[in-house]
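A.B. asks: Please find coords-v5.txt (compact mmCIF, C-alpha atoms and all ligand atoms) on the next line:
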# COMPACT_ATOMS: atom_id res chain seq x y z
CA MET D 1 6.65 -3.55 -14.39
CA ARG D 2 4.14 -0.99 -13.34
CA CYS D 3 0.68 -2.10 -14.19
CA ARG D 4 -1.90 0.57 -14.69
CA LEU D 5 -5.49 0.24 -15.64
CA GLY D 6 -7.13 1.39 -18.82
CA VAL D 7 -10.66 1.98 -17.65
CA ARG D 8 -13.89 2.61 -19.39
CA ALA D 9 -15.58 5.58 -17.88
CA SER D 10 -18.55 4.55 -15.89
CA ASN D 11 -21.96 5.83 -16.80
CA SER D 12 -22.39 6.43 -13.15
CA THR D 13 -19.51 8.87 -12.97
CA ARG D 14 -20.44 11.31 -10.31
CA ALA D 15 -19.71 14.91 -9.48
CA SER D 16 -19.70 15.68 -13.16
CA SER D 17 -19.41 19.39 -12.45
CA SER D 18 -15.84 18.96 -11.30
CA PRO D 19 -13.02 19.84 -13.66
CA TRP D 20 -11.52 16.50 -12.78
CA SER D 21 -14.43 14.59 -14.17
CA VAL D 22 -12.85 13.02 -17.23
CA LYS D 23 -14.44 10.74 -19.76
CA PHE D 24 -12.21 7.99 -21.03
CA PRO D 25 -12.34 6.39 -24.41
CA ASN D 26 -12.64 2.65 -24.53
CA ARG D 27 -9.23 1.12 -24.45
CA SER D 28 -8.03 -2.19 -25.64
CA PRO D 29 -6.48 -4.53 -23.16
CA THR D 30 -2.84 -3.80 -22.62
CA ASN D 31 0.09 -5.74 -21.32
CA CYS D 32 -1.00 -4.55 -17.93
CA ALA D 33 -3.78 -7.08 -18.20
CA ALA D 34 -1.56 -9.78 -19.54
CA GLU D 35 -2.20 -12.98 -17.76
CA SER D 36 0.78 -14.91 -16.56
CA ASP D 37 0.92 -18.55 -17.50
CA ALA D 38 2.92 -19.27 -14.39
CA GLN D 39 0.46 -21.31 -12.41
CA ALA D 40 2.90 -23.32 -10.37
CA GLN D 41 1.89 -23.91 -6.81
CA PRO D 42 4.28 -22.01 -4.59
CA SER D 43 6.08 -24.35 -2.30
CA ARG D 44 7.20 -22.98 1.02
CA TRP D 45 10.22 -20.74 1.13
CA VAL D 46 11.07 -21.05 -2.51
CA GLU D 47 14.40 -19.60 -3.50
CA PRO D 48 13.86 -16.51 -5.65
CA THR D 49 16.27 -17.72 -8.28
CA GLN D 50 14.21 -20.89 -8.70
CA VAL D 51 11.05 -18.91 -8.98
CA ARG D 52 12.59 -16.50 -11.43
CA ALA D 53 13.81 -19.30 -13.65
CA ALA D 54 10.42 -20.96 -13.63
CA HIS D 55 8.73 -17.69 -14.32
CA LEU D 56 10.97 -16.75 -17.21
CA GLU D 57 10.50 -20.16 -18.72
CA SER D 58 6.77 -19.69 -18.75
CA THR D 59 6.63 -16.04 -19.54
CA VAL D 60 5.30 -16.22 -23.02
CA THR D 61 3.06 -13.48 -21.80
CA LYS D 62 -0.06 -13.24 -23.82
CA VAL D 63 -2.34 -10.30 -24.11
CA SER D 64 -5.67 -11.30 -22.75
CA ASN D 65 -8.65 -10.86 -24.97
CA VAL D 66 -10.87 -11.54 -22.02
CA PHE D 67 -12.38 -8.36 -20.70
CA ARG D 68 -13.94 -10.07 -17.76
CA LEU D 69 -12.99 -13.52 -16.69
CA PRO D 70 -15.74 -15.69 -15.31
CA VAL D 71 -16.24 -15.38 -11.63
CA GLY D 72 -14.70 -18.39 -10.04
CA ALA D 73 -13.85 -19.33 -6.52
CA ARG D 74 -13.44 -16.12 -4.62
CA PRO D 75 -11.25 -15.57 -1.63
CA SER D 76 -13.25 -14.74 1.41
CA PRO D 77 -11.95 -11.52 2.88
CA GLN D 78 -11.14 -11.88 6.51
CA LEU D 79 -12.92 -9.57 8.84
CA GLY D 80 -10.80 -7.35 10.99
CA GLU D 81 -10.30 -9.17 14.21
CA GLN D 82 -11.74 -7.47 17.24
CA ARG D 83 -8.67 -6.87 19.29
CA PRO D 84 -8.15 -5.76 22.84
CA LEU D 85 -7.38 -2.09 23.22
CA GLU D 86 -5.22 -2.46 26.31
CA PRO D 87 -1.58 -1.57 25.86
CA THR D 88 0.50 -4.71 25.54
CA SER D 89 3.83 -3.16 26.31
CA PRO D 90 5.21 -1.69 29.49
CA LYS D 91 7.14 0.77 27.34
CA ARG D 92 4.16 2.49 25.81
CA SER D 93 5.06 5.86 27.26
CA GLU D 94 8.46 5.90 25.60
CA GLY D 95 9.44 7.06 22.16
CA GLY D 96 10.43 4.95 19.21
CA ILE D 97 8.40 3.02 16.67
CA VAL D 98 5.43 1.49 18.45
CA ALA D 99 3.79 -0.20 15.45
CA GLY D 100 3.96 -0.79 11.74
CA PHE D 101 1.17 -1.40 9.27
CA LEU D 102 1.01 -2.71 5.76
CA ALA D 103 -1.65 -0.21 4.65
CA PRO D 104 -2.60 -0.46 0.96
CA HIS D 105 -4.12 2.57 -0.71
CA PRO D 106 -6.65 1.53 -3.40
CA PRO D 107 -8.66 4.68 -4.14
CA HIS D 108 -11.75 2.48 -4.27
CA LEU D 109 -11.66 2.12 -0.49
CA ILE D 110 -11.95 5.88 0.00
CA TYR D 111 -14.56 6.09 -2.75
CA GLY D 112 -16.55 3.32 -1.03
CA GLU D 113 -16.37 5.14 2.28
CA ASN D 114 -17.74 8.50 1.08
CA PRO D 115 -15.69 10.74 3.35
CA ILE D 116 -16.44 14.43 3.12
CA GLN D 117 -12.97 15.12 1.71
CA ASN D 118 -13.55 13.06 -1.43
CA GLU D 119 -15.74 14.51 -4.18
CA PRO D 120 -17.19 11.38 -5.84
CA ARG D 121 -20.05 9.56 -4.12
CA SER D 122 -20.62 5.81 -4.04
CA GLU D 123 -23.05 3.21 -2.80
CA GLY D 124 -20.33 1.61 -0.67
CA GLY D 125 -18.31 -1.48 -1.52
CA TRP D 126 -15.15 -3.26 -0.30
CA GLU D 127 -16.62 -3.23 3.20
CA THR D 128 -14.47 -5.91 4.80
CA LEU D 129 -11.26 -4.06 3.96
CA ARG D 130 -12.77 -0.80 5.11
CA TRP D 131 -13.96 -2.32 8.38
CA ALA D 132 -10.44 -3.59 9.04
CA TYR D 133 -9.18 -0.05 8.57
CA GLU D 134 -11.75 1.12 11.12
CA GLY D 135 -10.04 -1.20 13.59
CA VAL D 136 -6.65 0.21 12.64
CA ARG D 137 -7.87 3.74 13.26
CA ARG D 138 -9.27 2.72 16.64
CA ARG D 139 -5.99 1.15 17.73
CA ILE D 140 -3.95 4.11 16.56
CA ARG D 141 -6.25 6.50 18.38
CA GLU D 142 -6.73 4.54 21.60
CA VAL D 143 -3.64 2.35 21.97
CA TYR D 144 -0.64 3.61 20.05
CA ARG D 145 -1.34 7.35 20.37
CA PRO D 146 1.66 8.28 18.19
CA ASP D 147 3.27 11.69 17.81
CA VAL D 148 3.77 11.10 14.11
CA ILE D 149 2.86 8.77 11.25
CA VAL D 150 5.68 8.06 8.79
CA VAL D 151 4.51 6.79 5.40
CA HIS D 152 6.34 5.41 2.37
CA ALA D 153 4.22 5.32 -0.78
CA PRO D 154 4.85 3.94 -4.27
CA HIS D 155 3.21 6.71 -6.30
CA TRP D 156 5.32 9.63 -5.18
CA ILE D 157 7.91 8.56 -7.68
CA THR D 158 11.27 10.27 -7.66
CA MET D 159 13.85 9.21 -10.21
CA VAL D 160 16.92 10.60 -8.43
CA GLY D 161 17.11 9.83 -4.77
CA HIS D 162 14.74 9.36 -1.87
CA HIS D 163 12.77 12.49 -1.14
CA VAL D 164 11.29 13.62 2.16
CA ASN D 165 8.32 16.00 2.30
CA CYS D 166 9.52 18.91 4.45
CA VAL D 167 6.58 21.26 3.76
CA PRO D 168 5.13 22.27 7.14
CA ARG D 169 1.53 22.19 5.96
CA SER D 170 0.37 20.47 2.78
CA THR D 171 -2.99 21.34 1.29
CA GLY D 172 -4.57 20.62 -2.06
CA VAL D 173 -6.55 18.12 -4.07
CA SER D 174 -5.03 14.71 -4.70
CA VAL D 175 -6.32 12.99 -7.83
CA GLU D 176 -5.89 9.41 -8.92
CA PRO D 177 -4.94 9.87 -12.57
CA ILE D 178 -6.50 6.60 -13.76
CA PHE D 179 -9.55 6.84 -11.52
CA PRO D 180 -10.34 10.57 -11.28
CA HIS D 181 -14.01 9.59 -11.18
CA LEU D 182 -13.31 7.80 -7.88
CA PHE D 183 -10.69 9.88 -6.12
CA ARG D 184 -10.48 13.65 -5.93
CA TYR D 185 -9.51 14.16 -2.34
CA HIS D 186 -9.08 17.48 -0.53
CA TYR D 187 -6.22 17.09 1.91
CA ASP D 188 -4.79 19.28 4.63
CA PHE D 189 -2.14 17.93 6.98
CA GLN D 190 0.83 18.97 9.08
CA THR D 191 4.35 17.63 8.62
CA ASP D 192 6.69 16.92 11.51
CA VAL D 193 9.38 19.02 9.90
CA GLU D 194 12.02 18.34 12.52
CA LEU D 195 11.67 14.61 12.07
CA ALA D 196 11.51 14.96 8.28
CA HIS D 197 14.90 16.69 8.24
CA ALA D 198 16.28 14.20 10.76
CA ILE D 199 15.32 11.32 8.47
CA ALA D 200 16.93 13.11 5.53
CA ASP D 201 20.09 13.73 7.55
CA SER D 202 20.22 10.14 8.71
CA ALA D 203 19.68 8.77 5.20
CA GLU D 204 22.42 10.98 3.81
CA GLY D 205 24.67 9.74 6.59
CA LEU D 206 24.11 6.21 5.34
CA GLY D 207 25.16 7.20 1.85
CA LEU D 208 21.75 7.52 0.21
CA THR D 209 20.93 10.25 -2.27
CA VAL D 210 18.28 12.38 -0.58
CA GLY D 211 16.05 15.27 -1.60
CA ARG D 212 14.13 17.56 0.73
CA MET D 213 10.85 18.55 -0.86
CA THR D 214 9.98 22.11 0.17
CA ASN D 215 7.58 23.15 -2.59
CA PRO D 216 4.16 23.67 -0.97
CA ARG D 217 2.50 23.54 -4.39
CA LEU D 218 3.56 19.98 -5.13
CA ARG D 219 0.41 17.88 -5.29
CA VAL D 220 0.66 15.02 -2.85
CA ASP D 221 0.15 11.67 -4.55
CA TYR D 222 -2.95 9.55 -4.00
CA ALA D 223 -1.08 6.62 -2.45
CA THR D 224 0.27 8.80 0.34
CA ILE D 225 -3.09 10.48 0.88
CA GLY D 226 -5.07 7.25 0.56
CA SER D 227 -3.13 5.31 3.17
CA LEU D 228 -2.97 8.26 5.55
CA HIS D 229 -6.73 8.75 5.31
CA LEU D 230 -7.38 5.07 5.86
CA VAL D 231 -5.29 4.89 9.05
CA ASN D 232 -6.27 8.31 10.43
CA ASP D 233 -9.20 10.00 8.75
CA SER D 234 -9.22 12.84 11.28
CA TRP D 235 -5.76 13.95 10.11
CA ASP D 236 -4.88 15.13 13.62
CA ILE D 237 -1.47 13.45 13.79
CA PRO D 238 1.57 15.02 12.07
CA VAL D 239 3.04 13.17 9.14
CA VAL D 240 6.37 12.49 7.48
CA SER D 241 6.01 11.36 3.87
CA LEU D 242 8.75 9.57 1.92
CA SER D 243 8.98 9.10 -1.83
CA ALA D 244 9.57 5.92 -3.76
CA ASN D 245 12.85 6.22 -5.59
CA ASN D 246 11.85 3.90 -8.40
CA ASN D 247 15.01 4.34 -10.41
CA PRO D 248 16.64 1.16 -9.05
CA TYR D 249 13.42 -0.82 -9.31
CA PHE D 250 12.59 -0.94 -12.98
CA TYR D 251 13.33 -4.64 -12.84
CA SER D 252 11.66 -6.96 -10.42
CA ASP D 253 14.94 -8.60 -9.48
CA ALA D 254 16.54 -5.32 -8.41
CA PRO D 255 17.82 -5.58 -4.86
CA GLN D 256 16.01 -3.56 -2.24
CA ASP D 257 19.15 -2.69 -0.29
CA GLN D 258 18.45 1.03 -0.47
CA MET D 259 15.02 0.54 1.07
CA GLU D 260 16.65 -1.26 3.97
CA LEU D 261 19.03 1.65 4.48
CA LEU D 262 16.12 4.10 4.31
CA GLY D 263 14.33 2.05 6.93
CA GLU D 264 17.38 2.14 9.19
CA ALA D 265 17.65 5.88 8.70
CA THR D 266 13.98 6.29 9.57
CA ARG D 267 14.33 4.31 12.79
CA THR D 268 17.50 6.14 13.82
CA ALA D 269 15.89 9.54 13.29
CA ILE D 270 12.72 8.61 15.17
CA GLU D 271 14.74 7.41 18.15
CA ALA D 272 17.08 10.40 18.06
CA THR D 273 14.17 12.86 18.08
CA GLY D 274 12.31 10.93 20.76
CA ARG D 275 9.21 10.60 18.64
CA ARG D 276 6.57 8.02 19.32
CA ALA D 277 5.86 6.86 15.78
CA ILE D 278 4.00 4.41 13.67
CA VAL D 279 5.29 3.51 10.21
CA ILE D 280 2.98 2.56 7.36
CA ALA D 281 3.82 0.90 4.06
CA SER D 282 1.40 2.00 1.36
CA ASN D 283 1.59 -1.15 -0.78
CA SER D 284 -0.91 -3.54 -2.24
CA LEU D 285 0.23 -7.13 -2.82
CA SER D 286 -0.38 -8.95 -6.13
CA HIS D 287 -0.96 -6.36 -8.81
CA MET D 288 -2.52 -7.88 -11.88
CA HIS D 289 -5.89 -6.27 -12.42
CA TRP D 290 -8.84 -5.85 -14.75
CA ASP D 291 -8.78 -3.37 -17.61
CA ARG D 292 -12.52 -2.69 -17.43
CA GLU D 293 -14.61 -1.75 -14.50
CA PRO D 294 -18.25 -2.55 -13.79
CA ASP D 295 -21.05 -0.05 -13.69
CA PRO D 296 -21.23 1.09 -11.00
CA PRO D 297 -17.56 0.66 -10.00
CA GLU D 298 -18.67 -0.59 -6.58
CA ASP D 299 -20.56 -3.56 -8.04
CA MET D 300 -19.14 -6.23 -5.77
CA SER D 301 -20.47 -9.07 -7.90
CA ALA D 302 -17.58 -8.30 -10.25
CA GLU D 303 -14.87 -8.22 -7.60
CA HIS D 304 -12.51 -11.14 -7.17
CA ILE D 305 -8.84 -11.96 -7.35
CA TYR D 306 -7.22 -11.81 -10.78
CA ASN D 307 -6.42 -15.52 -10.74
CA GLN D 308 -5.64 -18.35 -8.38
CA HIS D 309 -1.92 -18.02 -8.97
CA GLN D 310 -1.95 -14.47 -7.62
CA TYR D 311 -4.08 -15.48 -4.66
CA GLN D 312 -1.85 -18.38 -3.68
CA TRP D 313 1.25 -16.21 -3.77
CA ASP D 314 -0.43 -13.54 -1.67
CA MET D 315 -1.30 -16.21 0.88
CA HIS D 316 2.26 -17.48 0.73
CA LEU D 317 3.60 -14.05 1.67
CA LEU D 318 0.95 -13.42 4.33
CA GLU D 319 1.64 -16.84 5.86
CA ALA D 320 5.30 -15.90 6.08
CA LEU D 321 4.46 -12.65 7.84
CA ARG D 322 2.06 -14.41 10.20
CA SER D 323 4.71 -17.00 10.99
CA GLY D 324 7.17 -14.42 12.24
CA LEU D 325 10.05 -15.53 10.07
CA GLY D 326 13.47 -13.97 10.27
CA PRO D 327 14.85 -11.36 7.87
CA ASP D 328 16.62 -13.73 5.50
CA ASP D 329 13.47 -15.77 4.87
CA LEU D 330 11.32 -12.67 4.52
CA ARG D 331 13.70 -11.01 2.09
CA SER D 332 13.67 -14.14 -0.04
CA ILE D 333 9.90 -14.50 0.01
CA ILE D 334 9.22 -10.82 -0.69
CA SER D 335 11.52 -10.99 -3.69
CA ALA D 336 9.89 -14.20 -4.96
CA HIS D 337 6.41 -12.72 -4.45
CA ILE D 338 7.35 -9.65 -6.49
CA GLU D 339 8.63 -11.83 -9.29
CA ALA D 340 5.57 -14.06 -9.30
CA THR D 341 2.79 -11.49 -8.97
CA ALA D 342 4.03 -8.08 -10.18
CA SER D 343 3.53 -7.13 -6.56
CA GLU D 344 3.37 -3.46 -5.72
CA THR D 345 5.84 -4.17 -2.93
CA LYS D 346 8.43 -3.80 -5.70
CA ALA D 347 8.31 -0.09 -4.91
CA GLY D 348 9.94 -0.90 -1.60
CA SER D 349 7.44 0.29 0.99
CA LEU D 350 7.12 -3.07 2.74
CA THR D 351 10.87 -3.62 2.81
CA TRP D 352 11.41 -0.08 4.14
CA MET D 353 8.86 -0.63 6.91
CA LEU D 354 10.25 -4.00 7.99
CA SER D 355 13.72 -2.51 8.10
CA ALA D 356 12.47 0.45 10.15
CA LEU D 357 10.94 -2.05 12.57
CA GLY D 358 14.31 -3.84 12.76
CA TRP D 359 13.04 -6.95 10.92
CA PRO D 360 11.20 -8.13 14.05
CA VAL D 361 11.01 -11.89 14.45
CA MET D 362 7.41 -11.86 15.56
CA PRO D 363 4.09 -12.97 14.11
CA ALA D 364 2.34 -10.14 12.34
CA ASP D 365 -1.45 -9.83 12.60
CA VAL D 366 -3.21 -10.11 9.27
CA LEU D 367 -6.30 -7.98 9.88
CA ALA D 368 -7.86 -8.43 6.46
CA TYR D 369 -7.25 -9.55 2.92
CA GLY D 370 -9.41 -8.54 0.00
CA THR D 371 -9.31 -7.73 -3.66
CA VAL D 372 -9.74 -4.43 -5.48
CA ILE D 373 -10.18 -4.69 -9.27
CA GLY D 374 -8.41 -8.03 -8.99
CA THR D 375 -5.38 -6.92 -6.98
CA GLY D 376 -4.55 -8.47 -3.62
CA ASN D 377 -4.60 -6.24 -0.56
CA GLY D 378 -3.51 -7.23 2.92
CA ILE D 379 -3.90 -5.04 5.98
CA VAL D 380 -1.25 -6.24 8.41
CA GLU D 381 -0.14 -5.00 11.83
CA TRP D 382 3.11 -5.32 13.73
CA ASP D 383 2.55 -4.35 17.38
CA MET D 384 6.05 -3.66 18.64
CA GLY D 385 4.77 -3.84 22.19
CA LYS D 386 4.27 -7.56 21.67
CA SER D 387 7.82 -7.77 20.44
CA MET D 388 9.12 -6.09 23.58
CA ILE D 389 7.35 -8.44 25.97
CA SER D 390 7.86 -11.71 24.09
FE FE I 401 -0.97 1.72 -6.16
Take the structure in the file and give it back as structure tokens.
C.D. replies:
Amino acid sequence: MRCRLGVRASNSTRASSSPWSVKFPNRSPTNCAAESDAQAQPSRWVEPTQVRAAHLESTVTKVSNVFRLPVGARPSPQLGEQRPLEPTSPKRSEGGIVAGFLAPHPPHLIYGENPIQNEPRSEGGWETLRWAYEGVRRRIREVYRPDVIVVHAPHWITMVGHHVNCVPRSTGVSVEPIFPHLFRYHYDFQTDVELAHAIADSAEGLGLTVGRMTNPRLRVDYATIGSLHLVNDSWDIPVVSLSANNNPYFYSDAPQDQMELLGEATRTAIEATGRRAIVIASNSLSHMHWDREPDPPEDMSAEHIYNQHQYQWDMHLLEALRSGLGPDDLRSIISAHIEATASETKAGSLTWMLSALGWPVMPADVLAYGTVIGTGNGIVEWDMGKSMIS
């Protein structure tokens, strides 16, 4: 299920001179805002089949007539930990994947930051998530120093096969179609074309259906642009961008085998080309969200998790990542989390990234967790240098 938001245009919509400034009619709540009755406390390492059965049993999904639920207990976003900048691996000078990040892309984070590339202006908002991303940018710039950033994003949706952006230089304006009043971003970045083709070759060699996107006029989606901006706002590192082949993932219980193969293909190609790379998964976590937004959109008094059920499952998954569990446990928990929370990880970015990293049995660093219009967002780092020396 892909949940999208029917928003009421804010009176504070800015940059009204832009052709992208669109006024929305009021919309009634949709199934996207349906509130799950499944409130069961997640026990540790629940088998997905058990979760699915419990969920189906309780899925008399009702359309919520509540436009704004009362503000209850709110999760306290964790500040990005101040981390040492010293390299932790003796192999820093070598190629390969040096780090992975779960790097969600809510357009609100760019809107709150007011970068010059984005047309709308804000009064801020979502600071703790944005501060964590500042730490990510610092570590990428000063510690990892990659040749390339490889990103998999859920909103470049291709229905036949996994596509790789092979356009040498992509320029344009990326617009969030539901939030054009928040995100109209002017992008300009270079693609590592050699690596892009190497990933495509490697994926084809593993039996995947692959497309090579060579149309320079294709507008790059906001999830790709959002995550890339958030991890490197200077855009001075070449990129390889991968699509989300959503065809197999209409159902939350669809296996993510293809994403694992795509991750293997990505790793193989990076090593074969000698690139020093980071991989980023452009996925939020729990994905139930409000169908109205406050005025102004950055009014943080209205921001909190959709419900406790979603929060607990997000913590369940983040605990698993922090614990450094092995691939079988993680696969099971990711699947259960998708089923329980309509998680955006259904699009496969997290699974792809973990596979590209080789499913490292190492504790990941949760740098921050926070909500955006009710969705859960974790910024998580895997420093492969730690893996090498542990
Ligand atoms: Fe998204």
A.B. asks: Between atom CA of D:Ser355 and atom CA of D:Gly263, what is the spacing in Å?
C.D. replies: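 Spanning atom CA of D:Gly263 to atom CA of D:Ser355 is a straight-line distance of 4.7 Å.
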A.B. asks: Ligand FE 401 (chain I): which residues are within 7 Å, counting only C-alpha atoms and all ligand atoms? Reply as JSON, numbers by chain.
C.D. replies: {"D": [105, 106, 154, 155, 223, 283, 284, 344]}
A.B. asks: Would you mind telling me which residue in D:Met300, D:Val372, D:Met159, D:Val231 lies nearest to D:Arg137 when using all atoms listed in the file?
C.D. replies: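 Selected residue with least distance to D:Arg137: D:Val231.
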A.B. asks: Choose the residue, out of D:Pro104, D:Gly205, D:Gly112, D:Pro297, that has the smallest atom-to-atom separation from D:Ala368; count only C-alpha atoms.
C.D. replies: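 Ranked by minimum distance to D:Ala368, first place goes to D:Pro104.
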A.B. asks: Ranking D:Arg276, D:His287, D:His162, D:Arg141 by minimum distance to D:Gly95 and counting all atoms listed in the file, which one comes first?
C.D. replies: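 Closest to D:Gly95 of all the choices is D:Arg276.
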A.B. asks: Mind checking which residues fall within 10 Å of D:Thr273, counting all atoms listed in the file, ignoring those fewer than 3 positions away in the same chain, and posting them as a PDB file with C-alpha atoms, keeping the file's coordinate frame?
C.D. replies:
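Final output, saved to around_31.pdb:
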ATOM      1  CA  GLY D  95       9.440   7.060  22.160  1.00  0.00           C
ATOM      2  CA  GLY D  96      10.430   4.950  19.210  1.00  0.00           C
ATOM      3  CA  GLU D 194      12.020  18.340  12.520  1.00  0.00           C
ATOM      4  CA  LEU D 195      11.670  14.610  12.070  1.00  0.00           C
ATOM      5  CA  ALA D 198      16.280  14.200  10.760  1.00  0.00           C
ATOM      6  CA  ILE D 199      15.320  11.320   8.470  1.00  0.00           C
ATOM      7  CA  THR D 268      17.500   6.140  13.820  1.00  0.00           C
ATOM      8  CA  ALA D 269      15.890   9.540  13.290  1.00  0.00           C
ATOM      9  CA  ILE D 270      12.720   8.610  15.170  1.00  0.00           C
ATOM     10  CA  ARG D 276       6.570   8.020  19.320  1.00  0.00           C
TER      11      ARG D 276
END
A.B. asks: How far is it from atom CA of D:Arg139 to atom CA of D:Asp233, in Å with one decimal?
C.D. replies: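 Rounded to one decimal, the two atoms are 13.0 Å apart.
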A.B. asks: Which of these, D:Val193, D:Ala103, D:Pro177, D:Gly374, has the shortest distance to D:Ala132 once you count only C-alpha atoms?
C.D. replies: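 Looking at the shortest contact to D:Ala132, the residue is D:Ala103.
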A.B. asks: Find the residues near D:Tyr185: any atom within 8 Å, counting only C-alpha atoms, skip ones fewer than 3 places away on the same chain, and give them as a ChimeraX atom specification.
C.D. replies: /D:117-119,173-175
A.B. asks: Record the distance separating atom CA of D:Pro360 and atom CA of D:Arg275, expressed in Å with one decimal.
C.D. replies: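 About the pair atom CA of D:Pro360 and atom CA of D:Arg275: they are 19.4 Å apart.
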A.B. asks: Please write out, as JSON, where the centre of an axis-aligned box around all listed atoms of stretch 108-124 of chain D lies and how long its edges are, in Å to one decimal, after adding 3 Å on each side.
C.D. replies:
{"center_x": -17.4, "center_y": 8.4, "center_z": -1.2, "size_x": 17.4, "size_y": 19.5, "size_z": 15.2}
A.B. asks: Which residues are near stretch 349-353 of chain D? Cut-off 6 Å, all atoms listed in the file, ignore same chain within fewer than 4 positions. Put them as a PDB file with C-alpha atoms, keeping the file's coordinate frame.
C.D. replies:
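Output saved as around-v8.pdb:
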ATOM      1  CA  HIS D 152       6.340   5.410   2.370  1.00  0.00           C
ATOM      2  CA  MET D 259      15.020   0.540   1.070  1.00  0.00           C
ATOM      3  CA  GLU D 260      16.650  -1.260   3.970  1.00  0.00           C
ATOM      4  CA  GLY D 263      14.330   2.050   6.930  1.00  0.00           C
ATOM      5  CA  ALA D 281       3.820   0.900   4.060  1.00  0.00           C
ATOM      6  CA  THR D 345       5.840  -4.170  -2.930  1.00  0.00           C
TER       7      THR D 345
END
A.B. asks: Hey, can you pull every residue with an atom no more than 12 Å from (-4.5, -1.3, 4.6), using only C-alpha atoms, and send it as a count of residues only?
C.D. replies: 51
A.B. asks: Would you kindly return, as a PyMOL selection string, each protein, DNA or RNA residue with an atom no farther than 9 Å from any atom of stretch 120-122 of chain D, considering all atoms listed in the file and excluding same-chain residues fewer than 2 positions away?
C.D. replies: chain D and resi 13-16+111-115+118+124-125+180-185+296-298
